[in-house]
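Colleague: Quick one: the structure is below, questions incoming.
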Amino acid sequence: MQPSFNKNKAILSLLPLLTFVAIFLGSGLYLQSQGVDYAFYQLPAPVAILPAIILAFILNKTSINQSVETFIKGVGNNNIITMCLIYLLAGAFSAVAGATGGVDAVVNAGLSIIPPSLLLPGLFLIAAVISTAMGTSMGTIGAIGPIAYAVSVKTGIDPALMAGTIVSGAMFGDNLSIISDTTIAATRTQGCEMKDKFKENLKIAIPAAIVTIALLLYLTPAAQVVETKDYDILLVLPYAFILVLAVMGFNVFVVLLSGIVFAALMGFTGSYEGASFVKDIYKGFTDMQEIFLLSMFIGGLSEFIRLNGGLDYIAQKIQAITKVIAKWHRKVADQLGIAALVMASNMCIANNTVSIIVTGPIAKKLADDGNITGKRSASLLDIFACVTQGTLPYGAQALLLGATFKISPWEVSTSSYYCFILAFSAIAVICLRRNKA
């Protein structure tokens, strides 16, 4: 079957996107060779994409006014705008709940009930709960990393194993959380509800988590009792509150706005003040500035690619690569294509959210062509982006924990067992539940 688009025009339309990836990846590799800390995070992505946008305008070969209209149409796409607004509210909730002391309360509540023989599985669960509640693996690692390091030193547990356990729990929550930017990006680009994606994800993530807990239980050495601090159980409630509302099917805006107010009310029972509440909401907004801008710019850039046939061309190429599998089962082939697409993107960009935003429209095309549900394609996008991010030695997660535990990032990434198990679990579901995608 011949393509219904101009091949040369379609290939050229992809050049700006490749330019963005090359600039982002190239700068990271160069800075890393110079020994710069967090090399892949020194060049802000919204700045790295500007040359790509300029190139897209040049290659579009229409009047400047028409090109501007095309770009604005992409930026103003309903999914893009909705995604950006959710980012702001998710950032506000995370900032308010964190400022009231919710993160510390969750950590100490968890540590206080974990028996020494279950230390590693317990820390995995604590990191998973915090990350699911906060919606950020980096925020989770920043909060619990120093505590986990102190526990490792005191108990003699291998620091690489401890660090890998924290990454594993953090990526579990990053993948599942309804306020995670990866979830927001995946659901909006695939056109599905967060609760549906959450339930689909559970089918894959829970078996992987159970296997991981069993493995960590086996690997946990005899350890000493860990001292914990007092905590206020009320500060834990906001995280449970938004999760329950989300699973019940409430609109995501209602969930997040209610969560922000509820977190503040719990904080007001202690020393949290109204003036701080207002400032923390704004701080949450500003924390999302980079991903907010990048989402809009990617939306504009994607419109050029879509208009000129680039998405169709990539989808066709992936289907050609997976044609051997497609002879057995078309849905399996397209799902594996989605997985390979987002993993390759994440390896280049070293940012799971950005990789989802970049590949989301292509994944949507593959899902539509293969008659795959939006909740399954969103779940796979999020899963394989998080799998890759959790196992990248040059990813922010491994770099931060490597610095915290004073070990190589490679030791961290190779010890994040949950991420490897999650990949196998997802592939098993793709193959075994092939007619239920």
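Simple scheme: letters A, B, ... for chains in structure tokens order, numbers from 1 for residues in each chain, numbers from 1 for ligands in the order shown.
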Check which residues of stretch 51-86 of chain A sit at most 10 Å from stretch 178-184 of chain A using only C-alpha atoms, and return one row each with the closest pair of atoms and their distance in Å to one decimal, ordered by chain and rising number, as a Markdown table.
Modeller:
| residue | atom | partner | partner_atom | distance |
| --- | --- | --- | --- | --- |
| A:Asn79 | CA | A:Ile184 | CA | 9.9 |
| A:Thr82 | CA | A:Ile184 | CA | 9.2 |
| A:Met83 | CA | A:Ile184 | CA | 6.2 |
| A:Cys84 | CA | A:Ile184 | CA | 8.9 |
| A:Ile86 | CA | A:Ile184 | CA | 7.2 |
Colleague: With a distance cut-off of 6 Å and only C-alpha atoms, select the neighbouring residues of A:Leu120, excluding the residue or stretch itself and same-chain residues fewer than 3 positions from it, and output the selection as number ranges by chain.
Modeller: A: 123, 216, 220
Colleague: Keeping C-alpha atoms, export the residues of the selection given above as an mmCIF file, in the first residue's frame.
Modeller:
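Dumped to out_14.cif:
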data_model
loop_
_atom_site.group_PDB
_atom_site.id
_atom_site.type_symbol
_atom_site.label_atom_id
_atom_site.label_comp_id
_atom_site.auth_asym_id
_atom_site.auth_seq_id
_atom_site.Cartn_x
_atom_site.Cartn_y
_atom_site.Cartn_z
ATOM 1 C CA LEU A 123 11.393 1.422 51.905
ATOM 2 C CA LEU A 216 13.857 -7.356 48.148
ATOM 3 C CA THR A 220 17.228 -7.825 53.015
#
Colleague: Need to verify the contact set: stretch 421-428 of chain A, 10 Å, only C-alpha atoms, exclusion of same-chain residues closer than 2 positions in sequence. Can you return it as an mmCIF file with all heavy atoms, in the first residue's frame?
Modeller:
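Generated output (part_28.cif):
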data_model
loop_
_atom_site.group_PDB
_atom_site.id
_atom_site.type_symbol
_atom_site.label_atom_id
_atom_site.label_comp_id
_atom_site.auth_asym_id
_atom_site.auth_seq_id
_atom_site.Cartn_x
_atom_site.Cartn_y
_atom_site.Cartn_z
ATOM 1 N N SER A 168 13.397 2.379 42.442
ATOM 2 C CA SER A 168 12.307 1.483 42.075
ATOM 3 C C SER A 168 10.965 1.983 42.603
ATOM 4 O O SER A 168 9.983 2.078 41.861
ATOM 5 C CB SER A 168 12.592 0.078 42.617
ATOM 6 O OG SER A 168 13.721 -0.496 41.996
ATOM 7 N N PHE A 172 7.794 3.555 40.448
ATOM 8 C CA PHE A 172 6.461 2.948 40.581
ATOM 9 C C PHE A 172 5.413 4.056 40.693
ATOM 10 O O PHE A 172 4.404 4.060 39.984
ATOM 11 C CB PHE A 172 6.416 2.045 41.808
ATOM 12 C CG PHE A 172 5.042 1.501 42.123
ATOM 13 C CD1 PHE A 172 4.631 0.283 41.621
ATOM 14 C CD2 PHE A 172 4.166 2.215 42.941
ATOM 15 C CE1 PHE A 172 3.360 -0.221 41.905
ATOM 16 C CE2 PHE A 172 2.893 1.734 43.229
ATOM 17 C CZ PHE A 172 2.491 0.507 42.706
ATOM 18 N N ASN A 201 -2.936 0.455 34.191
ATOM 19 C CA ASN A 201 -1.565 0.387 34.693
ATOM 20 C C ASN A 201 -1.420 -0.603 35.845
ATOM 21 O O ASN A 201 -0.416 -1.303 35.966
ATOM 22 C CB ASN A 201 -1.124 1.774 35.177
ATOM 23 C CG ASN A 201 -0.028 2.357 34.325
ATOM 24 O OD1 ASN A 201 0.083 2.045 33.145
ATOM 25 N ND2 ASN A 201 0.782 3.197 34.902
ATOM 26 N N LYS A 203 -2.816 -3.373 36.366
ATOM 27 C CA LYS A 203 -2.733 -4.759 35.906
ATOM 28 C C LYS A 203 -1.296 -5.155 35.583
ATOM 29 O O LYS A 203 -0.946 -6.332 35.638
ATOM 30 C CB LYS A 203 -3.605 -4.956 34.665
ATOM 31 C CG LYS A 203 -5.075 -4.655 34.863
ATOM 32 C CD LYS A 203 -5.820 -4.692 33.547
ATOM 33 C CE LYS A 203 -7.271 -4.254 33.706
ATOM 34 N NZ LYS A 203 -7.992 -4.197 32.409
ATOM 35 N N ILE A 204 -0.488 -4.165 35.217
ATOM 36 C CA ILE A 204 0.901 -4.428 34.854
ATOM 37 C C ILE A 204 1.842 -4.143 36.017
ATOM 38 O O ILE A 204 2.775 -4.907 36.281
ATOM 39 C CB ILE A 204 1.301 -3.578 33.627
ATOM 40 C CG1 ILE A 204 0.368 -3.884 32.446
ATOM 41 C CG2 ILE A 204 2.755 -3.806 33.246
ATOM 42 C CD1 ILE A 204 0.546 -2.968 31.264
ATOM 43 N N ALA A 205 1.585 -3.039 36.733
ATOM 44 C CA ALA A 205 2.501 -2.591 37.779
ATOM 45 C C ALA A 205 2.409 -3.424 39.059
ATOM 46 O O ALA A 205 3.430 -3.665 39.714
ATOM 47 C CB ALA A 205 2.249 -1.122 38.095
ATOM 48 N N ILE A 206 1.209 -3.842 39.446
ATOM 49 C CA ILE A 206 1.054 -4.585 40.691
ATOM 50 C C ILE A 206 1.795 -5.932 40.662
ATOM 51 O O ILE A 206 2.526 -6.257 41.615
ATOM 52 C CB ILE A 206 -0.441 -4.789 41.043
ATOM 53 C CG1 ILE A 206 -1.085 -3.432 41.393
ATOM 54 C CG2 ILE A 206 -0.591 -5.748 42.204
ATOM 55 C CD1 ILE A 206 -0.452 -2.713 42.569
ATOM 56 N N PRO A 207 1.643 -6.745 39.610
ATOM 57 C CA PRO A 207 2.434 -7.992 39.576
ATOM 58 C C PRO A 207 3.938 -7.724 39.635
ATOM 59 O O PRO A 207 4.673 -8.451 40.317
ATOM 60 C CB PRO A 207 2.040 -8.617 38.228
ATOM 61 C CG PRO A 207 0.680 -8.071 37.949
ATOM 62 C CD PRO A 207 0.708 -6.667 38.472
ATOM 63 N N ALA A 208 4.383 -6.673 38.927
ATOM 64 C CA ALA A 208 5.809 -6.323 38.954
ATOM 65 C C ALA A 208 6.236 -5.910 40.353
ATOM 66 O O ALA A 208 7.328 -6.268 40.819
ATOM 67 C CB ALA A 208 6.101 -5.202 37.957
ATOM 68 N N ALA A 209 5.390 -5.163 41.049
ATOM 69 C CA ALA A 209 5.708 -4.719 42.407
ATOM 70 C C ALA A 209 5.764 -5.898 43.370
ATOM 71 O O ALA A 209 6.632 -5.954 44.256
ATOM 72 C CB ALA A 209 4.672 -3.698 42.883
ATOM 73 N N ILE A 210 4.856 -6.861 43.208
ATOM 74 C CA ILE A 210 4.842 -8.037 44.084
ATOM 75 C C ILE A 210 6.126 -8.857 43.925
ATOM 76 O O ILE A 210 6.743 -9.278 44.906
ATOM 77 C CB ILE A 210 3.607 -8.912 43.787
ATOM 78 C CG1 ILE A 210 2.331 -8.174 44.215
ATOM 79 C CG2 ILE A 210 3.713 -10.265 44.500
ATOM 80 C CD1 ILE A 210 1.051 -8.869 43.803
ATOM 81 N N VAL A 211 6.543 -9.045 42.677
ATOM 82 C CA VAL A 211 7.786 -9.774 42.417
ATOM 83 C C VAL A 211 8.979 -9.017 42.998
ATOM 84 O O VAL A 211 9.880 -9.607 43.600
ATOM 85 C CB VAL A 211 7.982 -9.997 40.902
ATOM 86 C CG1 VAL A 211 9.364 -10.610 40.623
ATOM 87 C CG2 VAL A 211 6.895 -10.904 40.355
ATOM 88 N N THR A 212 8.968 -7.685 42.852
ATOM 89 C CA THR A 212 10.055 -6.854 43.385
ATOM 90 C C THR A 212 10.121 -6.954 44.903
ATOM 91 O O THR A 212 11.210 -7.084 45.484
ATOM 92 C CB THR A 212 9.857 -5.382 42.972
ATOM 93 O OG1 THR A 212 9.797 -5.294 41.548
ATOM 94 C CG2 THR A 212 10.997 -4.518 43.493
ATOM 95 N N VAL A 332 -0.195 -6.684 18.933
ATOM 96 C CA VAL A 332 1.053 -6.903 19.654
ATOM 97 C C VAL A 332 2.173 -6.104 19.002
ATOM 98 O O VAL A 332 2.979 -5.449 19.676
ATOM 99 C CB VAL A 332 1.420 -8.398 19.684
ATOM 100 C CG1 VAL A 332 2.821 -8.600 20.245
ATOM 101 C CG2 VAL A 332 0.411 -9.165 20.521
ATOM 102 N N GLN A 335 1.799 -2.354 19.739
ATOM 103 C CA GLN A 335 2.103 -2.049 21.141
ATOM 104 C C GLN A 335 3.610 -2.094 21.405
ATOM 105 O O GLN A 335 4.151 -1.238 22.102
ATOM 106 C CB GLN A 335 1.376 -3.026 22.066
ATOM 107 C CG GLN A 335 -0.124 -2.791 22.133
ATOM 108 C CD GLN A 335 -0.820 -3.798 23.022
ATOM 109 O OE1 GLN A 335 -0.864 -3.648 24.242
ATOM 110 N NE2 GLN A 335 -1.369 -4.841 22.421
ATOM 111 N N LEU A 336 4.273 -3.077 20.837
ATOM 112 C CA LEU A 336 5.732 -3.141 20.969
ATOM 113 C C LEU A 336 6.382 -1.965 20.244
ATOM 114 O O LEU A 336 7.420 -1.456 20.679
ATOM 115 C CB LEU A 336 6.253 -4.469 20.416
ATOM 116 C CG LEU A 336 5.884 -5.722 21.209
ATOM 117 C CD1 LEU A 336 6.387 -6.973 20.501
ATOM 118 C CD2 LEU A 336 6.455 -5.657 22.639
ATOM 119 N N ALA A 339 6.188 0.960 22.566
ATOM 120 C CA ALA A 339 7.190 0.791 23.624
ATOM 121 C C ALA A 339 8.580 1.155 23.115
ATOM 122 O O ALA A 339 9.317 1.908 23.766
ATOM 123 C CB ALA A 339 7.175 -0.647 24.137
ATOM 124 N N SER A 379 -0.954 3.809 28.939
ATOM 125 C CA SER A 379 -0.268 3.008 29.947
ATOM 126 C C SER A 379 1.110 2.570 29.461
ATOM 127 O O SER A 379 2.107 2.678 30.185
ATOM 128 C CB SER A 379 -1.121 1.784 30.292
ATOM 129 O OG SER A 379 -0.483 0.972 31.245
ATOM 130 N N LEU A 380 1.192 2.106 28.218
ATOM 131 C CA LEU A 380 2.471 1.657 27.671
ATOM 132 C C LEU A 380 3.456 2.805 27.512
ATOM 133 O O LEU A 380 4.657 2.653 27.780
ATOM 134 C CB LEU A 380 2.246 0.964 26.318
ATOM 135 C CG LEU A 380 1.469 -0.350 26.356
ATOM 136 C CD1 LEU A 380 1.269 -0.900 24.951
ATOM 137 C CD2 LEU A 380 2.187 -1.378 27.223
ATOM 138 N N ILE A 383 4.655 3.571 31.066
ATOM 139 C CA ILE A 383 5.446 2.469 31.622
ATOM 140 C C ILE A 383 6.847 2.427 31.029
ATOM 141 O O ILE A 383 7.853 2.403 31.753
ATOM 142 C CB ILE A 383 4.732 1.119 31.401
ATOM 143 C CG1 ILE A 383 3.574 0.967 32.391
ATOM 144 C CG2 ILE A 383 5.713 -0.051 31.560
ATOM 145 C CD1 ILE A 383 2.698 -0.229 32.114
ATOM 146 N N PHE A 384 6.933 2.425 29.709
ATOM 147 C CA PHE A 384 8.243 2.249 29.093
ATOM 148 C C PHE A 384 9.100 3.513 29.166
ATOM 149 O O PHE A 384 10.335 3.421 29.136
ATOM 150 C CB PHE A 384 8.091 1.742 27.661
ATOM 151 C CG PHE A 384 7.754 0.283 27.602
ATOM 152 C CD1 PHE A 384 6.440 -0.136 27.442
ATOM 153 C CD2 PHE A 384 8.737 -0.677 27.762
ATOM 154 C CE1 PHE A 384 6.122 -1.490 27.427
ATOM 155 C CE2 PHE A 384 8.435 -2.030 27.746
ATOM 156 C CZ PHE A 384 7.121 -2.432 27.579
ATOM 157 N N CYS A 386 9.058 5.374 31.937
ATOM 158 C CA CYS A 386 9.556 5.266 33.311
ATOM 159 C C CYS A 386 10.585 4.142 33.451
ATOM 160 O O CYS A 386 11.550 4.271 34.214
ATOM 161 C CB CYS A 386 8.391 5.052 34.275
ATOM 162 S SG CYS A 386 7.379 6.532 34.533
ATOM 163 N N VAL A 387 10.387 3.047 32.731
ATOM 164 C CA VAL A 387 11.360 1.945 32.743
ATOM 165 C C VAL A 387 12.719 2.456 32.272
ATOM 166 O O VAL A 387 13.756 2.202 32.901
ATOM 167 C CB VAL A 387 10.887 0.784 31.829
ATOM 168 C CG1 VAL A 387 12.052 -0.139 31.481
ATOM 169 C CG2 VAL A 387 9.780 -0.006 32.517
ATOM 170 N N THR A 388 12.704 3.180 31.169
ATOM 171 C CA THR A 388 13.960 3.702 30.613
ATOM 172 C C THR A 388 14.588 4.727 31.544
ATOM 173 O O THR A 388 15.790 4.674 31.818
ATOM 174 C CB THR A 388 13.711 4.346 29.233
ATOM 175 O OG1 THR A 388 13.010 3.415 28.401
ATOM 176 C CG2 THR A 388 15.033 4.719 28.566
ATOM 177 N N SER A 416 18.086 -0.935 40.131
ATOM 178 C CA SER A 416 16.658 -0.580 40.162
ATOM 179 C C SER A 416 15.847 -1.738 39.577
ATOM 180 O O SER A 416 15.315 -1.661 38.469
ATOM 181 C CB SER A 416 16.403 0.716 39.393
ATOM 182 O OG SER A 416 16.871 0.624 38.058
ATOM 183 N N TYR A 417 15.749 -2.820 40.338
ATOM 184 C CA TYR A 417 15.179 -4.071 39.849
ATOM 185 C C TYR A 417 13.735 -3.951 39.394
ATOM 186 O O TYR A 417 13.297 -4.624 38.454
ATOM 187 C CB TYR A 417 15.301 -5.146 40.930
ATOM 188 C CG TYR A 417 16.724 -5.438 41.331
ATOM 189 C CD1 TYR A 417 17.136 -5.373 42.665
ATOM 190 C CD2 TYR A 417 17.679 -5.768 40.365
ATOM 191 C CE1 TYR A 417 18.455 -5.639 43.027
ATOM 192 C CE2 TYR A 417 18.996 -6.033 40.719
ATOM 193 C CZ TYR A 417 19.372 -5.959 42.060
ATOM 194 O OH TYR A 417 20.677 -6.214 42.400
ATOM 195 N N TYR A 418 12.980 -3.092 40.065
ATOM 196 C CA TYR A 418 11.563 -2.957 39.702
ATOM 197 C C TYR A 418 11.401 -2.534 38.245
ATOM 198 O O TYR A 418 10.502 -3.032 37.546
ATOM 199 C CB TYR A 418 10.869 -1.950 40.617
ATOM 200 C CG TYR A 418 9.480 -1.584 40.135
ATOM 201 C CD1 TYR A 418 8.428 -2.477 40.296
ATOM 202 C CD2 TYR A 418 9.240 -0.361 39.512
ATOM 203 C CE1 TYR A 418 7.153 -2.157 39.845
ATOM 204 C CE2 TYR A 418 7.974 -0.038 39.055
ATOM 205 C CZ TYR A 418 6.938 -0.933 39.218
ATOM 206 O OH TYR A 418 5.676 -0.621 38.752
ATOM 207 N N CYS A 419 12.240 -1.644 37.776
ATOM 208 C CA CYS A 419 12.114 -1.149 36.402
ATOM 209 C C CYS A 419 12.300 -2.273 35.392
ATOM 210 O O CYS A 419 11.559 -2.367 34.401
ATOM 211 C CB CYS A 419 13.119 -0.028 36.145
ATOM 212 S SG CYS A 419 12.832 1.455 37.133
ATOM 213 N N ILE A 430 1.282 -7.524 27.073
ATOM 214 C CA ILE A 430 1.085 -7.247 25.653
ATOM 215 C C ILE A 430 0.851 -8.544 24.880
ATOM 216 O O ILE A 430 -0.031 -8.623 24.025
ATOM 217 C CB ILE A 430 2.314 -6.501 25.068
ATOM 218 C CG1 ILE A 430 2.375 -5.072 25.587
ATOM 219 C CG2 ILE A 430 2.266 -6.492 23.541
ATOM 220 C CD1 ILE A 430 3.641 -4.331 25.197
ATOM 221 N N CYS A 431 1.647 -9.559 25.169
ATOM 222 C CA CYS A 431 1.565 -10.828 24.437
ATOM 223 C C CYS A 431 0.411 -11.718 24.893
ATOM 224 O O CYS A 431 -0.287 -12.310 24.061
ATOM 225 C CB CYS A 431 2.885 -11.582 24.565
ATOM 226 S SG CYS A 431 4.298 -10.740 23.808
ATOM 227 N N LEU A 432 0.195 -11.790 26.215
ATOM 228 C CA LEU A 432 -0.808 -12.712 26.741
ATOM 229 C C LEU A 432 -2.228 -12.147 26.679
ATOM 230 O O LEU A 432 -3.183 -12.901 26.538
ATOM 231 C CB LEU A 432 -0.464 -13.089 28.188
ATOM 232 C CG LEU A 432 0.871 -13.834 28.382
ATOM 233 C CD1 LEU A 432 1.133 -14.084 29.861
ATOM 234 C CD2 LEU A 432 0.867 -15.144 27.601
ATOM 235 N N ARG A 433 -2.349 -10.810 26.801
ATOM 236 C CA ARG A 433 -3.676 -10.175 26.732
ATOM 237 C C ARG A 433 -3.809 -9.412 25.433
ATOM 238 O O ARG A 433 -4.359 -8.305 25.393
ATOM 239 C CB ARG A 433 -3.880 -9.259 27.936
ATOM 240 C CG ARG A 433 -3.886 -9.994 29.275
ATOM 241 C CD ARG A 433 -3.956 -9.014 30.437
ATOM 242 N NE ARG A 433 -5.125 -8.174 30.388
ATOM 243 C CZ ARG A 433 -6.305 -8.472 30.909
ATOM 244 N NH1 ARG A 433 -6.488 -9.634 31.532
ATOM 245 N NH2 ARG A 433 -7.321 -7.657 30.816
ATOM 246 N N ARG A 434 -3.335 -10.016 24.362
ATOM 247 C CA ARG A 434 -3.256 -9.322 23.068
ATOM 248 C C ARG A 434 -4.628 -8.969 22.475
ATOM 249 O O ARG A 434 -4.729 -8.016 21.693
ATOM 250 C CB ARG A 434 -2.477 -10.172 22.071
ATOM 251 C CG ARG A 434 -2.934 -11.596 21.912
ATOM 252 C CD ARG A 434 -1.990 -12.367 21.025
ATOM 253 N NE ARG A 434 -2.351 -13.788 20.894
ATOM 254 C CZ ARG A 434 -1.959 -14.726 21.741
ATOM 255 N NH1 ARG A 434 -1.191 -14.406 22.770
ATOM 256 N NH2 ARG A 434 -2.314 -15.988 21.572
#
Colleague: For A:Leu118, which residue out of A:Asn352, A:Ile213, A:Ile318, A:Phe277 is the nearest one, using only C-alpha atoms?
Modeller: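 Smallest distance to A:Leu118 is found for A:Ile213.
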Colleague: To one decimal place, how far is atom CA of A:Leu235 from atom CA of A:Gly98 in Å?
Modeller: 9.2 Å
Colleague: List as number ranges by chain the protein and nucleic acid residues near stretch 262-273 of chain A, meaning an atom at most 12 Å away when only C-alpha atoms are counted, but skip any in the same chain fewer than 4 places from it.
Modeller: A: 92-103, 105, 133, 231-242, 254-258, 277-281
Colleague: Quote the spacing between atom CA of A:Gly310 and atom CA of A:Ser13 in Å to one decimal place.
Modeller: 5.7 Å
